[in-house]
Structures are given as C-alpha cells and as structure tokens.
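Chemist: Below you'll find the structure I mean.
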Amino acid sequence: MFMKALTVLTLVLIIGGCGGGSGSTPQLGAPCDLLYALAILTVESGTPITPQTPTVGCGVVITWSVDPVLPAGLSISQVDGTISGTPTVSGTDQFYDVTAANADGSISFMIRIIVNPPAPCGLMYPIDFIIAQQGVALPPQTPVVSCGAVATWNSVPTLPAGLSISQVDGTISGTPTTSGTDDDYFITASNVSGSTSFTIRIVVNPPAPCNLVYPLSFVIIPLGVSLAPLVPTVGCGAVTSWQVNPSLPVGLQMDANNGTISGMATFEGYDQIHIISASNAGGTATFVLQIRLDPVYTYAVNAAPGSYSGVTGVGQVSLAMTLAEDSGNPSFPTDVAGFSLAMSYQPDLLSVTNLDQSAVIQALDGGAGPSFWYQQIEADEVVLGAIFSFMDLAVMQFDVVKEIAVLDLDTVPGMFIGQTGNIPVSFDWVETSQYTNSANDLLVVEDSAQGVRPLTIDAVVQMVRSD
C-alpha cells in the first residue's frame with residue numbers, strides 16, 4: 001500500500017516539475033536560420049511576382065515585419081512571411097530587412113527588391129516603306145509604342161546618312177545626304193525590362209532631273225537635210241534614262257546617253273508633238289518638242305510704226321505680208337504656184353480699210369496678176385488665197401523675202417483720244433480660221449501641188465502719237 005502511494009506521488013511531482021499544470025506557457029525559443037530563396041528580386045510594375053516564401057528554424061514565428069515598407073503593391077504574410085503581390089510603381093531599387101520574431105527573440109534576412117517598368121510593346125511606325133530623296137527633308141515619322149516607357153531607341157543597321165532617330169520619342173527625321181541606299185532597318189525601343197521592334201525599309205533616291213531644255217521647242221526640217229544636233233541641258237539629279245514618246249520619225253534618233261536628237265528625215269508631211277523624258281530613280285523631267293518634216297517657208301510681217309492723233313483719235317497703219325523660202329531646202333529655190341493665209345488683228349483698236357495684192361503679185365501673168373485671188377475681210381481676221389496661173393502654170397520663187405499682200409487699217413478713234421504714248425497692236429497668223437472650212441489656212445503650194453505648212457512670225461506694231 002505504501003509503495004503504491006509513493007508511485008502516484010512521484011508521478012505527480014514529475015508532472016508538476018515539467019510545468020504541465022493548468023495555465024502554464026510552453027518555452028518557444030527565438031526563430032533562427034531565416035532564408036528566402038532569392039536575395040535579389042527583380043520584378044516589373046503591373047506584373048504579379050512569384051510568391052517568395054522563406055524557410056525559418058527554431059522557435060515559432062509570431063510576427064513578421066519589413067523595414068522599410070515593401071514597394072507599393074507588395075505585402076508580407078503574417079502567417080508564413082511570404083512576400084507577394086503586384087508592384088504598382090516602378091523605378092525603386094531598395095534593400096529590405098525582413099524580420100521573423102517571437103517573445104524569445106528574432107532573426108532577420110536582407111533582400112534587395114528592384115521594381116522595373118514593363119518592357120515596351122506594340123511598336124508601330126506610320127509606314128513600313130519609306131522612299132526618300134537625297135537633299136529633300138523626310139517628313140518626320142513618329143511611332144506609337146505601348147506598355148513600358150522607352151529608355152533607348154536604336155536602329156540596326158545605322159540609318160542612312162542625314163537621318164536620325166530621336167531618343168525622346170523614336171521619331172525618324174532629317175535630310176538624306178547620300179543616295180543609292182535601299183535597306184531594311186530594325187528599329188528597337190528598349191528599357192531595362194525588354195524591348196519591342198519594328199522593321200522599316202528605307203530607299204534613298206537621287207534628286208530627280210529638273211529644268212530639261214532643248215535649244216528649240218519647234219523644229220522644222222525638210223527631207224534629205226541633216227538636223228543640226230539638238231543638245232539638251234538638264235539640272236538637279238543625274239539622268240539615267242532618256243525616252244521620247246511617241247517615237248521619233250524615221251531617220252531621226254535620240255542618243256541614249258545624253259538625249260541629243262539628230263539625224264536626217266526620210267519622208268515629208270510629218271508633224272508631231274513629242275514628250276522628251278529625262279529620268280532617274282528619283283523622278284522625271286519632261287520637255288515638249290514639236291517636229292515637222294517639210295520644206296521650210298516663213299510668213300512674216302513688214303511694217304513701219306503707225307500713227308494717231310491724241311486729239312481726234314484718228315490714225316493709220318499699214319503692213320505688208322511677206323513670204324520667204326529657207327535656203328536649206330534641197331530644191332532651193334523652189335517653184336511656188338500659190339498660197340493661202342489668215343491673219344488676225346485687234347478690232348477694238350483697228351478697222352481694215354484695204355487689202356490688196358502686193359506689187360510682185362500684181363506683176364504676174366504680164367501684169368494681169370494671179371489667175372485666182374480670193375480675199376475675205378472679217379471682224380477680226382483677213383483671209384487670202386492665190387493661184388498664180390491656171391493656163392501656163394506660172395510660178396514664183398521666194399529665194400528672198402517678197403511681199404505678197406498689203407493690209408491698210410484705220411484706228412478706232414474712241415480708243416485713241418486722249419492717249420499720250422505708244423500703243424502696241426498685235427497681228428497674229430491664224431492656222432485654222434473660224435471663217436473657212438479649211439483644215440489649215442496657212443499653206444504654201446509648190447509647183448508639184450504639194451501643200452506645205454510654213455513657219456510664221458507674229459508681229460506687234462507700235463502706234464505712235466503724232467501731235
């Protein structure tokens with residue numbers, strides 16, 4: 001009995017000595033060996049981080065704390081010290097002292113957290129193919145880009161000489177200084193978190209040719225006569241190709257190297273407007289050239305200044321219409337059998353009082369004049385036609401300038417009263433008159449009955465005040 005009581009007392013003492021009685025507190029011990037997997041944590045604002053759960057030994061952790069406060073958007077769990085969340089502000093780089101503690105003590109771990117901006121994304125320029133010209137400013141090409149702010153802009157390969165990329169917003173601008181490049185350029189927008197790229201093809205052409213000019217804009221040459229070479233001038237960019245549309249008449253040709261037109265026509269009756277083009281990769285300059293293949297005759301005007309009274313407005317002017325053959329015609333001097341012409345005047349200033357044959361025309365056929373003579377005086381034109389002889393085929397040569405008709409005009413007084421200076425009046429040759437049905441009212445008829453379109457020289461005659 002005594003032994004049984006002793007055993008129970010011993011058990012009670014043992015339990016009591018271990019503090020197992022009601023209301024007792026266990027001994028915890030301080031936490032130890034706190035460790036996070038990463039000592040440096042690099043994250044992006046706006047992107048959830050991978051939760052960082054630490055390991056810790058010894059005593060149970062009662063509280064978790066961080067000094068200084070974690071970046072905005074991140075937090076530490078009071079359950080197990082896990083750091084998690086989505087950082088909302090970039091640009092921080094800080095050391096943080098994480099402490100695990102209980103009543104018996106604490107343990108700390110130093111962790112560096114860097115919050116970077118998001119990587120740029122969605123880079124886009126207005127166009128992906130730019131044709132630029134040497135010496136001409138490129139319209140600025142400003143891109144759009146999303147996500148993170150761009151820290152640096154770069155091009156691979158380097159942009160053509162004279163062009164640059166802005167480090168502020170990626171705008172490509174400038175004036176190319178060298179032509180002949182054609183390449184793909186990889187434009188990259190970057191920051192510490194990453195990059196986005198866009199490919200642009202840029203072609204830099206030379207300046208287009210400009211100011212193309214030939215010595216003449218209207219060329220008339222007869223059959224069998226070599227054309228004096230027409231050598232053009234052209235400015236700006238170098239010409240790489242010459243073209244003429246439509247093709248030149250048979251016998252004439254264009255030098256493919258410098259655009260010179262030369263040669264000898266092989267047929268008559270050709271009259272065509274040609275568009276001459278000087279081109280390179282940058283563009284084209286053009287020139288309009290009319291070529292006529294015919295014997296050369298010229299209608300002109302021989303006139304002294306007219307006169308008028310500033311008091312009464314009355315005055316007169318006379319002019320002689322002339323015809324001449326060019327000595328370059330192979331058949332010079334050529335027998336001419338007739339002609340037709342039309343000339344305009346200014347009816348607001350002048351009125352026709354007389355239109356007659358010249359002395360050399362009146363002398364035809366033994367003084368009888370031409371077999372056929374037609375004249376028509378209209379409100380603003382005079383029209384003439386002549387055939388020298390029906391009977392014996394009389395002809396005339398115009399190896400020198402000869403008068404063929406004389407036109408006399410009076411002033412319209414009301415237009416000259418009170419005038420004090422010289423007043424110019426115009427006389428223009430009319431190729432197709434509104435008062436005839438002819439396809440061409442300017443013709444010289446050779447003895448062969450071939451109708452040749454002549455050259456014409458318009459006139460401006462001065463009316464001079466006489467009082």
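Residues in the structure tokens are numbered from 1 in each chain, the chains being A, B, ... in the order shown, and ligands are numbered from 1 in the order shown.
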Excluding same-chain residues fewer than 6 positions from region 293-309 of chain A, what lies within 6 Å of it counting only C-alpha atoms, as a PDB file with N, CA, C and O atoms, in the first residue's frame?
Modeler:
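As a result, result_15.pdb now contains:
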```pdb
ATOM      1  N   ILE A 220      11.530  72.389-137.603  1.00  0.00           N
ATOM      2  CA  ILE A 220      11.040  72.032-138.931  1.00  0.00           C
ATOM      3  C   ILE A 220      12.243  71.843-139.837  1.00  0.00           C
ATOM      4  O   ILE A 220      13.129  72.703-139.918  1.00  0.00           O
ATOM      5  N   ILE A 221      12.315  70.702-140.455  1.00  0.00           N
ATOM      6  CA  ILE A 221      13.418  70.398-141.370  1.00  0.00           C
ATOM      7  C   ILE A 221      12.846  69.721-142.618  1.00  0.00           C
ATOM      8  O   ILE A 221      11.848  68.993-142.539  1.00  0.00           O
ATOM      9  N   PRO A 222      13.456  69.953-143.754  1.00  0.00           N
ATOM     10  CA  PRO A 222      12.980  69.310-144.989  1.00  0.00           C
ATOM     11  C   PRO A 222      13.602  67.935-145.181  1.00  0.00           C
ATOM     12  O   PRO A 222      14.576  67.566-144.531  1.00  0.00           O
ATOM     13  N   GLU A 268       8.429  63.310-145.926  1.00  0.00           N
ATOM     14  CA  GLU A 268       7.848  64.608-145.622  1.00  0.00           C
ATOM     15  C   GLU A 268       6.429  64.452-145.095  1.00  0.00           C
ATOM     16  O   GLU A 268       5.864  63.356-145.100  1.00  0.00           O
ATOM     17  N   GLY A 269       5.862  65.573-144.675  1.00  0.00           N
ATOM     18  CA  GLY A 269       4.467  65.595-144.254  1.00  0.00           C
ATOM     19  C   GLY A 269       4.241  65.147-142.830  1.00  0.00           C
ATOM     20  O   GLY A 269       3.103  64.915-142.425  1.00  0.00           O
ATOM     21  N   TYR A 270       5.323  65.033-142.050  1.00  0.00           N
ATOM     22  CA  TYR A 270       5.213  64.600-140.652  1.00  0.00           C
ATOM     23  C   TYR A 270       5.121  65.827-139.754  1.00  0.00           C
ATOM     24  O   TYR A 270       5.883  66.790-139.912  1.00  0.00           O
ATOM     25  N   GLY A 315      -6.033 107.731-136.907  1.00  0.00           N
ATOM     26  CA  GLY A 315      -4.692 107.303-137.272  1.00  0.00           C
ATOM     27  C   GLY A 315      -4.745 106.166-138.261  1.00  0.00           C
ATOM     28  O   GLY A 315      -5.817 105.638-138.595  1.00  0.00           O
ATOM     29  N   GLN A 316      -3.567 105.772-138.759  1.00  0.00           N
ATOM     30  CA  GLN A 316      -3.467 104.715-139.761  1.00  0.00           C
ATOM     31  C   GLN A 316      -2.224 103.863-139.486  1.00  0.00           C
ATOM     32  O   GLN A 316      -1.256 104.294-138.869  1.00  0.00           O
ATOM     33  N   VAL A 317      -2.284 102.639-140.007  1.00  0.00           N
ATOM     34  CA  VAL A 317      -1.114 101.763-140.012  1.00  0.00           C
ATOM     35  C   VAL A 317      -1.240 100.843-141.221  1.00  0.00           C
ATOM     36  O   VAL A 317      -2.345 100.432-141.599  1.00  0.00           O
ATOM     37  N   LEU A 319       0.729  97.393-143.230  1.00  0.00           N
ATOM     38  CA  LEU A 319       1.735  96.348-143.120  1.00  0.00           C
ATOM     39  C   LEU A 319       1.687  95.467-144.355  1.00  0.00           C
ATOM     40  O   LEU A 319       0.635  95.295-144.979  1.00  0.00           O
ATOM     41  N   ALA A 320       2.843  94.945-144.672  1.00  0.00           N
ATOM     42  CA  ALA A 320       2.963  94.029-145.803  1.00  0.00           C
ATOM     43  C   ALA A 320       3.191  92.622-145.286  1.00  0.00           C
ATOM     44  O   ALA A 320       4.012  92.402-144.388  1.00  0.00           O
ATOM     45  N   MET A 321       2.444  91.676-145.840  1.00  0.00           N
ATOM     46  CA  MET A 321       2.647  90.267-145.508  1.00  0.00           C
ATOM     47  C   MET A 321       3.692  89.717-146.456  1.00  0.00           C
ATOM     48  O   MET A 321       3.622  89.934-147.669  1.00  0.00           O
ATOM     49  N   THR A 322       4.666  88.980-145.896  1.00  0.00           N
ATOM     50  CA  THR A 322       5.789  88.507-146.711  1.00  0.00           C
ATOM     51  C   THR A 322       5.910  86.995-146.656  1.00  0.00           C
ATOM     52  O   THR A 322       5.449  86.343-145.715  1.00  0.00           O
ATOM     53  N   LEU A 323       6.580  86.448-147.678  1.00  0.00           N
ATOM     54  CA  LEU A 323       6.863  85.018-147.761  1.00  0.00           C
ATOM     55  C   LEU A 323       8.298  84.849-148.202  1.00  0.00           C
ATOM     56  O   LEU A 323       8.781  85.562-149.088  1.00  0.00           O
ATOM     57  N   ALA A 324       9.007  83.878-147.573  1.00  0.00           N
ATOM     58  CA  ALA A 324      10.395  83.591-147.945  1.00  0.00           C
ATOM     59  C   ALA A 324      10.647  82.099-147.782  1.00  0.00           C
ATOM     60  O   ALA A 324      10.049  81.435-146.920  1.00  0.00           O
ATOM     61  N   GLU A 325      11.530  81.567-148.647  1.00  0.00           N
ATOM     62  CA  GLU A 325      11.935  80.164-148.571  1.00  0.00           C
ATOM     63  C   GLU A 325      13.292  80.068-147.883  1.00  0.00           C
ATOM     64  O   GLU A 325      14.179  80.896-148.111  1.00  0.00           O
ATOM     65  N   ASP A 326      13.449  79.022-147.080  1.00  0.00           N
ATOM     66  CA  ASP A 326      14.731  78.792-146.414  1.00  0.00           C
ATOM     67  C   ASP A 326      15.714  78.180-147.402  1.00  0.00           C
ATOM     68  O   ASP A 326      15.360  77.252-148.157  1.00  0.00           O
ATOM     69  N   ASN A 329      16.372  74.226-147.939  1.00  0.00           N
ATOM     70  CA  ASN A 329      15.541  73.274-148.683  1.00  0.00           C
ATOM     71  C   ASN A 329      16.370  72.649-149.801  1.00  0.00           C
ATOM     72  O   ASN A 329      17.069  73.355-150.539  1.00  0.00           O
ATOM     73  N   PRO A 454       3.833  76.559-143.590  1.00  0.00           N
ATOM     74  CA  PRO A 454       5.005  77.396-143.341  1.00  0.00           C
ATOM     75  C   PRO A 454       5.184  77.711-141.857  1.00  0.00           C
ATOM     76  O   PRO A 454       4.271  77.522-141.044  1.00  0.00           O
ATOM     77  N   LEU A 455       6.356  78.202-141.536  1.00  0.00           N
ATOM     78  CA  LEU A 455       6.559  78.829-140.241  1.00  0.00           C
ATOM     79  C   LEU A 455       5.918  80.210-140.267  1.00  0.00           C
ATOM     80  O   LEU A 455       5.715  80.784-141.332  1.00  0.00           O
ATOM     81  N   THR A 456       5.637  80.751-139.083  1.00  0.00           N
ATOM     82  CA  THR A 456       5.019  82.074-139.023  1.00  0.00           C
ATOM     83  C   THR A 456       5.694  82.905-137.947  1.00  0.00           C
ATOM     84  O   THR A 456       6.141  82.378-136.921  1.00  0.00           O
ATOM     85  N   ILE A 457       5.759  84.207-138.198  1.00  0.00           N
ATOM     86  CA  ILE A 457       6.289  85.146-137.215  1.00  0.00           C
ATOM     87  C   ILE A 457       5.235  86.228-136.990  1.00  0.00           C
ATOM     88  O   ILE A 457       4.953  87.028-137.887  1.00  0.00           O
ATOM     89  N   VAL A 461       3.043  95.927-133.684  1.00  0.00           N
ATOM     90  CA  VAL A 461       3.376  97.217-134.303  1.00  0.00           C
ATOM     91  C   VAL A 461       2.995  98.336-133.342  1.00  0.00           C
ATOM     92  O   VAL A 461       1.900  98.319-132.758  1.00  0.00           O
ATOM     93  N   GLN A 462       3.871  99.317-133.186  1.00  0.00           N
ATOM     94  CA  GLN A 462       3.616 100.438-132.292  1.00  0.00           C
ATOM     95  C   GLN A 462       2.849 101.563-133.011  1.00  0.00           C
ATOM     96  O   GLN A 462       3.208 101.960-134.116  1.00  0.00           O
ATOM     97  N   MET A 463       1.789 102.028-132.381  1.00  0.00           N
ATOM     98  CA  MET A 463       1.060 103.203-132.851  1.00  0.00           C
ATOM     99  C   MET A 463       1.623 104.409-132.064  1.00  0.00           C
ATOM    100  O   MET A 463       1.538 104.456-130.837  1.00  0.00           O
ATOM    101  N   VAL A 464       2.180 105.370-132.827  1.00  0.00           N
ATOM    102  CA  VAL A 464       2.896 106.478-132.201  1.00  0.00           C
ATOM    103  C   VAL A 464       2.037 107.750-132.319  1.00  0.00           C
ATOM    104  O   VAL A 464       1.511 108.067-133.393  1.00  0.00           O
ATOM    105  N   ARG A 465       1.894 108.491-131.227  1.00  0.00           N
ATOM    106  CA  ARG A 465       1.128 109.735-131.263  1.00  0.00           C
ATOM    107  C   ARG A 465       1.850 110.754-132.124  1.00  0.00           C
ATOM    108  O   ARG A 465       3.071 110.948-131.994  1.00  0.00           O
ATOM    109  N   SER A 466       1.106 111.413-133.015  1.00  0.00           N
ATOM    110  CA  SER A 466       1.711 112.319-133.999  1.00  0.00           C
ATOM    111  C   SER A 466       1.504 113.790-133.667  1.00  0.00           C
ATOM    112  O   SER A 466       1.986 114.654-134.403  1.00  0.00           O
ATOM    113  N   ASP A 467       0.741 114.155-132.613  1.00  0.00           N
ATOM    114  CA  ASP A 467       0.542 115.574-132.303  1.00  0.00           C
ATOM    115  C   ASP A 467       0.781 115.832-130.823  1.00  0.00           C
ATOM    116  O   ASP A 467       1.085 114.926-130.043  1.00  0.00           O
TER     117      ASP A 467
END
```
Chemist: Identify, on the basis of only C-alpha atoms, every residue whose closest approach to Val444 (chain A) does not exceed 8 Å; exclude the query and any residue fewer than 3 positions from it along the same chain; express the result as a list in words.
Modeler: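 The residues that qualify are Tyr297, Val336, Gly338, Phe339, Ser340, Gly451, Val452, Arg453 and Pro454 of chain A.
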Chemist: Calculated over only C-alpha atoms, which of the candidates A:Ala137, A:Val89, A:Val250, A:Ile261 has the smallest distance to Ala228 (chain A)?
Modeler: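 Smallest distance to Ala228 (chain A) is found for A:Ile261.
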Chemist: Extract, using only C-alpha atoms, all DNA, RNA and protein residues at most 7 Å from Phe372 (chain A), discarding same-chain residues fewer than 3 positions from it, and format them as number ranges by chain.
Modeler: A: 386-388
Chemist: Taking N, CA, C and O atoms for each residue, export the selection above as a CSV table (one decimal), in the first residue's frame.
Modeler:
```
chain,number,residue,atom,x,y,z
A,386,ALA,N,-4.4,82.5,-153.2
A,386,ALA,CA,-4.0,82.8,-154.6
A,386,ALA,C,-3.5,81.6,-155.3
A,386,ALA,O,-2.8,80.7,-154.7
A,387,ILE,N,-3.8,81.5,-156.6
A,387,ILE,CA,-3.1,80.5,-157.5
A,387,ILE,C,-2.6,81.4,-158.6
A,387,ILE,O,-3.3,82.2,-159.3
A,388,PHE,N,-1.3,81.3,-158.9
A,388,PHE,CA,-0.6,82.2,-159.7
A,388,PHE,C,-1.1,82.2,-161.2
A,388,PHE,O,-1.3,83.2,-161.8
```
Chemist: Compare A:Ser197, A:Ser389, A:Gln290, A:Leu443 by their minimum atom-to-atom distance to Ser371 (chain A), counting only C-alpha atoms, and give me the closest one.
Modeler: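 Using only C-alpha atoms, Ser371 (chain A) sits closest to A:Ser389.
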Chemist: Nearest to Phe95 (chain A): which of A:Thr63, A:Gln52, A:Gly418, A:Ala39 is it, counting only C-alpha atoms?
Modeler: A:Ala39
Chemist: Dump as JSON lines the rows for residues of region 108-166 of chain A within 10 Å of region 72-88 of chain A: closest atom pair and distance in Å with one decimal, only C-alpha atoms counted, ordered by chain and rising residue number.
Modeler:
```
{"residue": "A:Val115", "atom": "CA", "partner": "A:Pro87", "partner_atom": "CA", "distance": 7.1}
{"residue": "A:Asn116", "atom": "CA", "partner": "A:Pro87", "partner_atom": "CA", "distance": 9.3}
{"residue": "A:Pro117", "atom": "CA", "partner": "A:Thr88", "partner_atom": "CA", "distance": 9.4}
```
Chemist: Please save N, CA, C and O atoms of the selected residues as a short mmCIF file (atom, residue, chain, number, x, y, z; two decimals), in the first residue's frame.
Modeler:
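The result, stored in selection-v9.cif:
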```cif
data_model
loop_
_atom_site.label_atom_id
_atom_site.label_comp_id
_atom_site.auth_asym_id
_atom_site.auth_seq_id
_atom_site.Cartn_x
_atom_site.Cartn_y
_atom_site.Cartn_z
N VAL A 115 12.19 47.19 -58.70
CA VAL A 115 10.93 47.24 -59.45
C VAL A 115 11.19 48.02 -60.74
O VAL A 115 11.39 49.24 -60.72
N ASN A 116 11.20 47.31 -61.84
CA ASN A 116 11.43 47.91 -63.15
C ASN A 116 10.11 48.21 -63.84
O ASN A 116 9.07 47.61 -63.51
N PRO A 117 10.15 49.10 -64.84
CA PRO A 117 8.93 49.33 -65.63
C PRO A 117 8.65 48.13 -66.52
O PRO A 117 9.55 47.32 -66.79
#
```
Chemist: Let me make sure I understand: among A:Ala132, A:Val406, A:Ala238, A:Cys210, which one has the smallest atom-to-atom distance to Ser358 (chain A) if we use only C-alpha atoms?
Modeler: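 When distances to Ser358 (chain A) are compared using only C-alpha atoms, the smallest one comes from A:Val406.
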Chemist: If you run DSSP on the backbone here, which positions in region 90-258 of chain A get strand (DSSP E or B)? Please write them as an MDAnalysis selection string.
Modeler: chainID A and resid 92:102 105:116 120:124 129:133 138:141 144:147 152:156 163:165 172:174 181:191 194:205 209:213 218:221 226:230 233:236 241:245 252:254
Chemist: What is the CA of Ser279 (chain A) to CA of Gln253 (chain A) distance in Å?
Modeler: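 So the answer is 17.9 Å.
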Chemist: Which distance in Å separates CA of Pro424 (chain A) and CA of Leu350 (chain A), to one decimal?
Modeler: 11.3 Å
Chemist: Please, what distance in Å, to one decimal, runs between CA of Pro215 (chain A) and CA of Arg292 (chain A)?
Modeler: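 Separation between CA of Pro215 (chain A) and CA of Arg292 (chain A): 15.6 Å.
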Chemist: Got a sec: who's within 9 Å of Pro143 (chain A), counting only C-alpha atoms, leaving out chain neighbours fewer than 2 positions off, as a list of chain:residue names?
Modeler: A:Leu123, A:Met124, A:Tyr125, A:Pro126, A:Gln141, A:Val145, A:Asp169, A:Gly170, A:Thr171, A:Ile172
Chemist: For a quick check of understanding, using only C-alpha atoms, which of A:Ala459, A:Ala379, A:Leu341, A:Ala37 has the smallest distance to Ser438 (chain A)?
Modeler: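 When distances to Ser438 (chain A) are compared using only C-alpha atoms, the smallest one comes from A:Leu341.
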Chemist: Could you name the residues that touch Val156 (chain A) at 10 Å or less, counting only C-alpha atoms, but leaving out those on the same chain fewer than 2 positions away, as an mmCIF file with N, CA, C and O atoms, in the first residue's frame?
Modeler:
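The new file part.cif reads:
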```cif
data_model
loop_
_atom_site.group_PDB
_atom_site.id
_atom_site.type_symbol
_atom_site.label_atom_id
_atom_site.label_comp_id
_atom_site.auth_asym_id
_atom_site.auth_seq_id
_atom_site.Cartn_x
_atom_site.Cartn_y
_atom_site.Cartn_z
ATOM 1 N N ASN A 154 17.009 52.509 -80.957
ATOM 2 C CA ASN A 154 18.173 52.068 -81.712
ATOM 3 C C ASN A 154 17.746 51.570 -83.090
ATOM 4 O O ASN A 154 16.622 51.111 -83.287
ATOM 5 N N THR A 158 22.678 51.267 -88.974
ATOM 6 C CA THR A 158 22.522 52.703 -88.762
ATOM 7 C C THR A 158 21.710 53.307 -89.899
ATOM 8 O O THR A 158 21.844 52.918 -91.060
ATOM 9 N N LEU A 159 20.848 54.265 -89.575
ATOM 10 C CA LEU A 159 20.009 54.911 -90.587
ATOM 11 C C LEU A 159 20.868 55.574 -91.664
ATOM 12 O O LEU A 159 22.037 55.911 -91.423
ATOM 13 N N ASP A 184 16.643 47.330 -95.150
ATOM 14 C CA ASP A 184 15.690 47.155 -94.055
ATOM 15 C C ASP A 184 16.360 47.591 -92.755
ATOM 16 O O ASP A 184 17.502 47.198 -92.469
ATOM 17 N N TYR A 185 15.638 48.391 -91.971
ATOM 18 C CA TYR A 185 16.177 48.904 -90.711
ATOM 19 C C TYR A 185 15.309 48.400 -89.563
ATOM 20 O O TYR A 185 14.086 48.553 -89.590
ATOM 21 N N PHE A 186 15.968 47.767 -88.578
ATOM 22 C CA PHE A 186 15.267 47.203 -87.431
ATOM 23 C C PHE A 186 15.326 48.228 -86.295
ATOM 24 O O PHE A 186 16.374 48.451 -85.690
ATOM 25 N N ILE A 187 14.197 48.851 -86.027
ATOM 26 C CA ILE A 187 14.101 49.883 -85.011
ATOM 27 C C ILE A 187 13.653 49.213 -83.718
ATOM 28 O O ILE A 187 12.642 48.496 -83.696
ATOM 29 N N THR A 188 14.418 49.443 -82.632
ATOM 30 C CA THR A 188 14.142 48.795 -81.351
ATOM 31 C C THR A 188 13.929 49.844 -80.270
ATOM 32 O O THR A 188 14.728 50.777 -80.133
ATOM 33 N N THR A 199 10.258 46.863 -88.281
ATOM 34 C CA THR A 199 11.149 46.876 -89.445
ATOM 35 C C THR A 199 10.640 47.880 -90.476
ATOM 36 O O THR A 199 9.472 47.847 -90.868
#
```
Chemist: Compile the contact shell of Asp97 (chain A) as a list of chain:residue names: residues with an atom at most 10 Å away, counting only C-alpha atoms, same-chain residues fewer than 5 positions apart removed.
Modeler: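 What passes the distance filter is A:Ser65, A:Val66, A:Asp67, A:Pro68, A:Val69, A:Leu70, A:Ser108, A:Phe109, A:Met110, A:Ile111, A:Arg112.
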Chemist: Extract, using only C-alpha atoms, all DNA, RNA and protein residues at most 9 Å from Asn205 (chain A), discarding same-chain residues fewer than 5 positions from it, and format them as JSON, numbers by chain.
Modeler: {"A": [131, 132, 133, 134, 178, 179, 180, 181, 182, 280, 281, 282, 283]}
Chemist: Using only C-alpha atoms, pick whichever of A:Pro246, A:Pro139, A:Pro71, A:Gly237 has the shortest atom-to-atom distance to Gln94 (chain A).
Modeler: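 Looking at the shortest contact to Gln94 (chain A), the residue is A:Pro71.
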